[in-house]
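Report on the structure given below.
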Protein chains: 2
Amino acid sequence: MSRVPSAEEQKFLDEYDPDRYPSIAVTVDVALLTICSGRFSVLLVERGNHPYKSYWALPGGFVEPDEDLQAAARRELAEETGVRDDIHLEQLCSYGTPGRDPRGRTVSVAYLGMSPEVSNPVGGSDAAHARFWPVAEVGSGDGPQLAFDHDVIVADAVERARSKLEYTPLATAFCEEQFTLADLRRIYEAVWDVQLDAPNFRRKVLSTHGFVEPLGDTALPPGGGRPARLYRRGDARLLHPAMLRPGASAEESLAEQRVVQE
Amino acid sequence: MSRVPSAEEQKFLDEYDPDRYPSIAVTVDVALLTICSGRFSVLLVERGNHPYKSYWALPGGFVEPDEDLQAAARRELAEETGVRDDIHLEQLCSYGTPGRDPRGRTVSVAYLGMSPEVSNPVGGSDAAHARFWPVAEVGSGDGPQLAFDHDVIVADAVERARSKLEYTPLATAFCEEQFTLADLRRIYEAVWDVQLDAPNFRRKVLSTHGFVEPLGDTALPPGGGRPARLYRRGDARLLHPAMLRPGASAEESLAEQRVVQE
DNA sequence: GCAAAAGTGTTGACTGTACACCCATGT
DNA sequence: ACATGGGTGTACAGTCAACACTTTTGC
């Protein structure tokens, strides 16, 4: 990567005087969310190096010279956890407060991932262990201690996911290729931590154009009962009308404000 | 800024080998939106230097060593356009595709700003001119030619603003300190490019807790008519229920998908 | 038959929209 | 007086939550 700069590039490098602007490192971090044994969870890796050794952190790392940001996020996720790479991934936010990394100035572009349950995430190169933690435990005292500002990133990711389930069909990103409406409903119930009325949920989903596509087959429920029809993702990107969270008036709105207000 | 690095920092610098990772420059760009003579508009500056000389661009520039990202956005906005600095500013998205700047690798953290009408934005240091352009013209052929990937950033900012007006009280960010409900309604009409029913709009706003606070005074409408009551911003950060755009079903949803889908 | 889960029908409360109408001011 | 825009009342239509009820399976 040490070629002769063009005149344009040289001009840029003059403006970008490395004495005035010592390099800022650009990293990506991924908050991969999933429903793990019925609980809304986030993938974390245990750090093997200082600083924050033996703390838990989001998988992530440096962006390579000619690599797109999202490609970097996908690569880090694969390297550190072996998660398959066709999952939904979207940019969440960038975090660049001076001092967020004690080793030097970094700006981290965080990504939000959503995937069906992953059986065994493997700890990769720089990650000692990798496992899913229920998001309810991450904020509280009895959960894992998070490195850097990753607790903030996780909180933002969780709230973004909760909100996106309202007006996009992304709940299907947590489902397998084929799923029943009960599967889909359990996604909503786990993410929002509420109970939903199955008959009304069914009607809402089916009346929303492009949310799900019916398949011919049926699946047997685990504990016995009538077989349920199977569906796959539809082609809609937005829900009309939205699937609003129940009882979102007044008091609950406190938690949401973090992500929304900036 | 040339001090002796600590052991931790040195370790970081070893990991962050500048040969493997040639510096990525971090910049901020600001899409400042406002209602200018009744039209939903974005602030652009005409570039005085190559590349993209005499093209129009968003105000922005390099992040300084010990500067928070949002502070950098606010500083660049003040330097290049003289816009007052108490306006609403929130992070929009980061753009880092290799090749987006022909001079070298950059990652730009874009911010979305909302402000009341600004009388005379002044072109600052590196900006030849600064002016507001109606967003409807920016995308089309007869509008300004935009530098870099700023057309994408503007499109994302516009869609984010349209969407935020639905579920937050941010329309008030476009209003002066004191405003009438007709002022507020004209904000919605300009941003969404629709006509709203004044009586129903009034009821919706007043029934939404914390959206606006009534003041004692009244203001005379410009062309004669009954004086209107004045209001100021309320303390809500989210609207319950939301102010949904009329006729948002099916066909119109095409444009929205850009920002939402990633 | 009974338990369990899928799926259907019905009702009453609530919300959004359209529009008729009244009120207060300038000219 | 009348034009202009602010503000109120009302009635209809659509949506949503609650829950009773039917269907199809395993045991």
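Ordered as shown in the structure tokens, chains take letters A, B, and onward, while each chain numbers its residues from 1 and ligands are numbered from 1 in the order shown.
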- Please identify every residue of chain B that has at least one atom no more than 12 Å from any atom of chain D, counting only C-alpha atoms (C1' of nucleotides), and report them as JSON, numbers by chain. {"B": [180, 181, 182, 198, 199, 200, 201, 202, 203, 218, 219, 220, 221, 222, 223, 224, 225, 226, 227, 228, 229, 230]}
Serialized selection, N, CA and C atoms, as a PDB file, in the first residue's frame:
```
ATOM      1  N   THR B 180     -47.653  28.991  16.503  1.00  0.00           N
ATOM      2  CA  THR B 180     -49.072  28.642  16.505  1.00  0.00           C
ATOM      3  C   THR B 180     -49.228  27.226  15.953  1.00  0.00           C
ATOM      4  N   LEU B 181     -50.400  26.662  16.161  1.00  0.00           N
ATOM      5  CA  LEU B 181     -50.628  25.319  15.634  1.00  0.00           C
ATOM      6  C   LEU B 181     -50.633  25.332  14.107  1.00  0.00           C
ATOM      7  N   ALA B 182     -50.979  26.464  13.515  1.00  0.00           N
ATOM      8  CA  ALA B 182     -50.922  26.558  12.049  1.00  0.00           C
ATOM      9  C   ALA B 182     -49.466  26.518  11.583  1.00  0.00           C
ATOM     10  N   ALA B 198     -56.926  20.995   9.152  1.00  0.00           N
ATOM     11  CA  ALA B 198     -56.534  21.812  10.301  1.00  0.00           C
ATOM     12  C   ALA B 198     -57.261  21.418  11.592  1.00  0.00           C
ATOM     13  N   PRO B 199     -58.581  21.268  11.588  1.00  0.00           N
ATOM     14  CA  PRO B 199     -59.260  20.905  12.836  1.00  0.00           C
ATOM     15  C   PRO B 199     -58.764  19.586  13.427  1.00  0.00           C
ATOM     16  N   ASN B 200     -58.621  18.571  12.583  1.00  0.00           N
ATOM     17  CA  ASN B 200     -58.175  17.280  13.103  1.00  0.00           C
ATOM     18  C   ASN B 200     -56.724  17.333  13.568  1.00  0.00           C
ATOM     19  N   PHE B 201     -55.900  18.082  12.858  1.00  0.00           N
ATOM     20  CA  PHE B 201     -54.506  18.235  13.266  1.00  0.00           C
ATOM     21  C   PHE B 201     -54.440  18.847  14.658  1.00  0.00           C
ATOM     22  N   ARG B 202     -55.221  19.896  14.842  1.00  0.00           N
ATOM     23  CA  ARG B 202     -55.261  20.564  16.135  1.00  0.00           C
ATOM     24  C   ARG B 202     -55.591  19.599  17.261  1.00  0.00           C
ATOM     25  N   ARG B 203     -56.660  18.833  17.064  1.00  0.00           N
ATOM     26  CA  ARG B 203     -57.071  17.890  18.112  1.00  0.00           C
ATOM     27  C   ARG B 203     -55.984  16.862  18.405  1.00  0.00           C
ATOM     28  N   THR B 218     -51.354  35.460  22.074  1.00  0.00           N
ATOM     29  CA  THR B 218     -51.877  35.105  20.755  1.00  0.00           C
ATOM     30  C   THR B 218     -51.086  35.864  19.700  1.00  0.00           C
ATOM     31  N   ALA B 219     -51.193  35.381  18.471  1.00  0.00           N
ATOM     32  CA  ALA B 219     -50.499  36.031  17.352  1.00  0.00           C
ATOM     33  C   ALA B 219     -51.497  36.255  16.231  1.00  0.00           C
ATOM     34  N   LEU B 220     -51.322  37.339  15.512  1.00  0.00           N
ATOM     35  CA  LEU B 220     -52.223  37.624  14.404  1.00  0.00           C
ATOM     36  C   LEU B 220     -51.746  36.915  13.147  1.00  0.00           C
ATOM     37  N   PRO B 221     -52.634  36.272  12.450  1.00  0.00           N
ATOM     38  CA  PRO B 221     -52.228  35.660  11.174  1.00  0.00           C
ATOM     39  C   PRO B 221     -51.925  36.753  10.156  1.00  0.00           C
ATOM     40  N   PRO B 222     -51.034  36.498   9.234  1.00  0.00           N
ATOM     41  CA  PRO B 222     -50.552  37.510   8.296  1.00  0.00           C
ATOM     42  C   PRO B 222     -51.667  38.159   7.479  1.00  0.00           C
ATOM     43  N   GLY B 223     -52.542  37.422   6.881  1.00  0.00           N
ATOM     44  CA  GLY B 223     -53.526  38.010   5.961  1.00  0.00           C
ATOM     45  C   GLY B 223     -54.831  38.403   6.617  1.00  0.00           C
ATOM     46  N   GLY B 224     -54.820  38.663   7.927  1.00  0.00           N
ATOM     47  CA  GLY B 224     -56.068  38.920   8.631  1.00  0.00           C
ATOM     48  C   GLY B 224     -56.688  37.618   9.065  1.00  0.00           C
ATOM     49  N   GLY B 225     -57.585  37.693  10.026  1.00  0.00           N
ATOM     50  CA  GLY B 225     -58.219  36.501  10.560  1.00  0.00           C
ATOM     51  C   GLY B 225     -58.132  36.485  12.070  1.00  0.00           C
ATOM     52  N   ARG B 226     -58.791  35.523  12.666  1.00  0.00           N
ATOM     53  CA  ARG B 226     -58.827  35.423  14.131  1.00  0.00           C
ATOM     54  C   ARG B 226     -57.423  35.154  14.675  1.00  0.00           C
ATOM     55  N   PRO B 227     -57.055  35.812  15.769  1.00  0.00           N
ATOM     56  CA  PRO B 227     -55.721  35.572  16.349  1.00  0.00           C
ATOM     57  C   PRO B 227     -55.599  34.125  16.822  1.00  0.00           C
ATOM     58  N   ALA B 228     -54.405  33.558  16.670  1.00  0.00           N
ATOM     59  CA  ALA B 228     -54.169  32.168  17.051  1.00  0.00           C
ATOM     60  C   ALA B 228     -53.412  32.117  18.365  1.00  0.00           C
ATOM     61  N   ARG B 229     -53.704  31.114  19.169  1.00  0.00           N
ATOM     62  CA  ARG B 229     -52.980  30.942  20.426  1.00  0.00           C
ATOM     63  C   ARG B 229     -51.536  30.529  20.144  1.00  0.00           C
ATOM     64  N   LEU B 230     -50.650  30.933  21.036  1.00  0.00           N
ATOM     65  CA  LEU B 230     -49.239  30.573  20.892  1.00  0.00           C
ATOM     66  C   LEU B 230     -48.894  29.395  21.803  1.00  0.00           C
TER      67      LEU B 230
END
```
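Proximity to chain A at a cut-off of 10 Å picks out DA3, DA4, DA5, DA6, DG7 and DT8 of chain C on chain C, counting only C-alpha atoms (C1' of nucleotides).
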Take the residues from that selection and put them in a file with C-alpha atoms (C1' of nucleotides), as a tab-separated table (two decimals), in the first residue's frame.
```tsv
chain	number	residue	atom	x	y	z
C	3	DA	C1'	-55.49	-31.92	26.79
C	4	DA	C1'	-53.21	-28.81	23.86
C	5	DA	C1'	-52.52	-25.83	20.36
C	6	DA	C1'	-54.36	-23.86	15.78
C	7	DG	C1'	-57.64	-21.20	13.86
C	8	DT	C1'	-62.60	-18.52	13.38
```
- Can you work out which one of A:Ser37, A:Thr27, A:Ser94, A:Asn49 has the shortest atom-to-atom distance to chain B, counting only C-alpha atoms? A:Ser94
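Distance check against chain A using only C-alpha atoms: of B:Leu77, B:Cys36, B:Val63, B:Leu206, the minimum falls on B:Val63.
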- Query: DSSP on the backbone: what in stretch 56-255 of chain B comes out strand (DSSP E or B), as a count of residues only?
  - Reply: 46
- Message: If we count only C-alpha atoms (C1' of nucleotides) and set the cut-off at 9 Å, which residues sit around A:Met243, ignoring sequence neighbours fewer than 5 positions away in its own chain? Please answer as a list in words.
- Response: Leu165, Glu166, Tyr167, Thr168, Phe201, Lys204 and Val205 of chain A
- Message: Please extract the residues of stretch 32-253 of chain B with a backbone DSSP assignment of alpha helix (DSSP H) and present them as an MDAnalysis selection string.
- Response: chainID B and resid 69:81 135:139 150:167 181:192 198:207 253
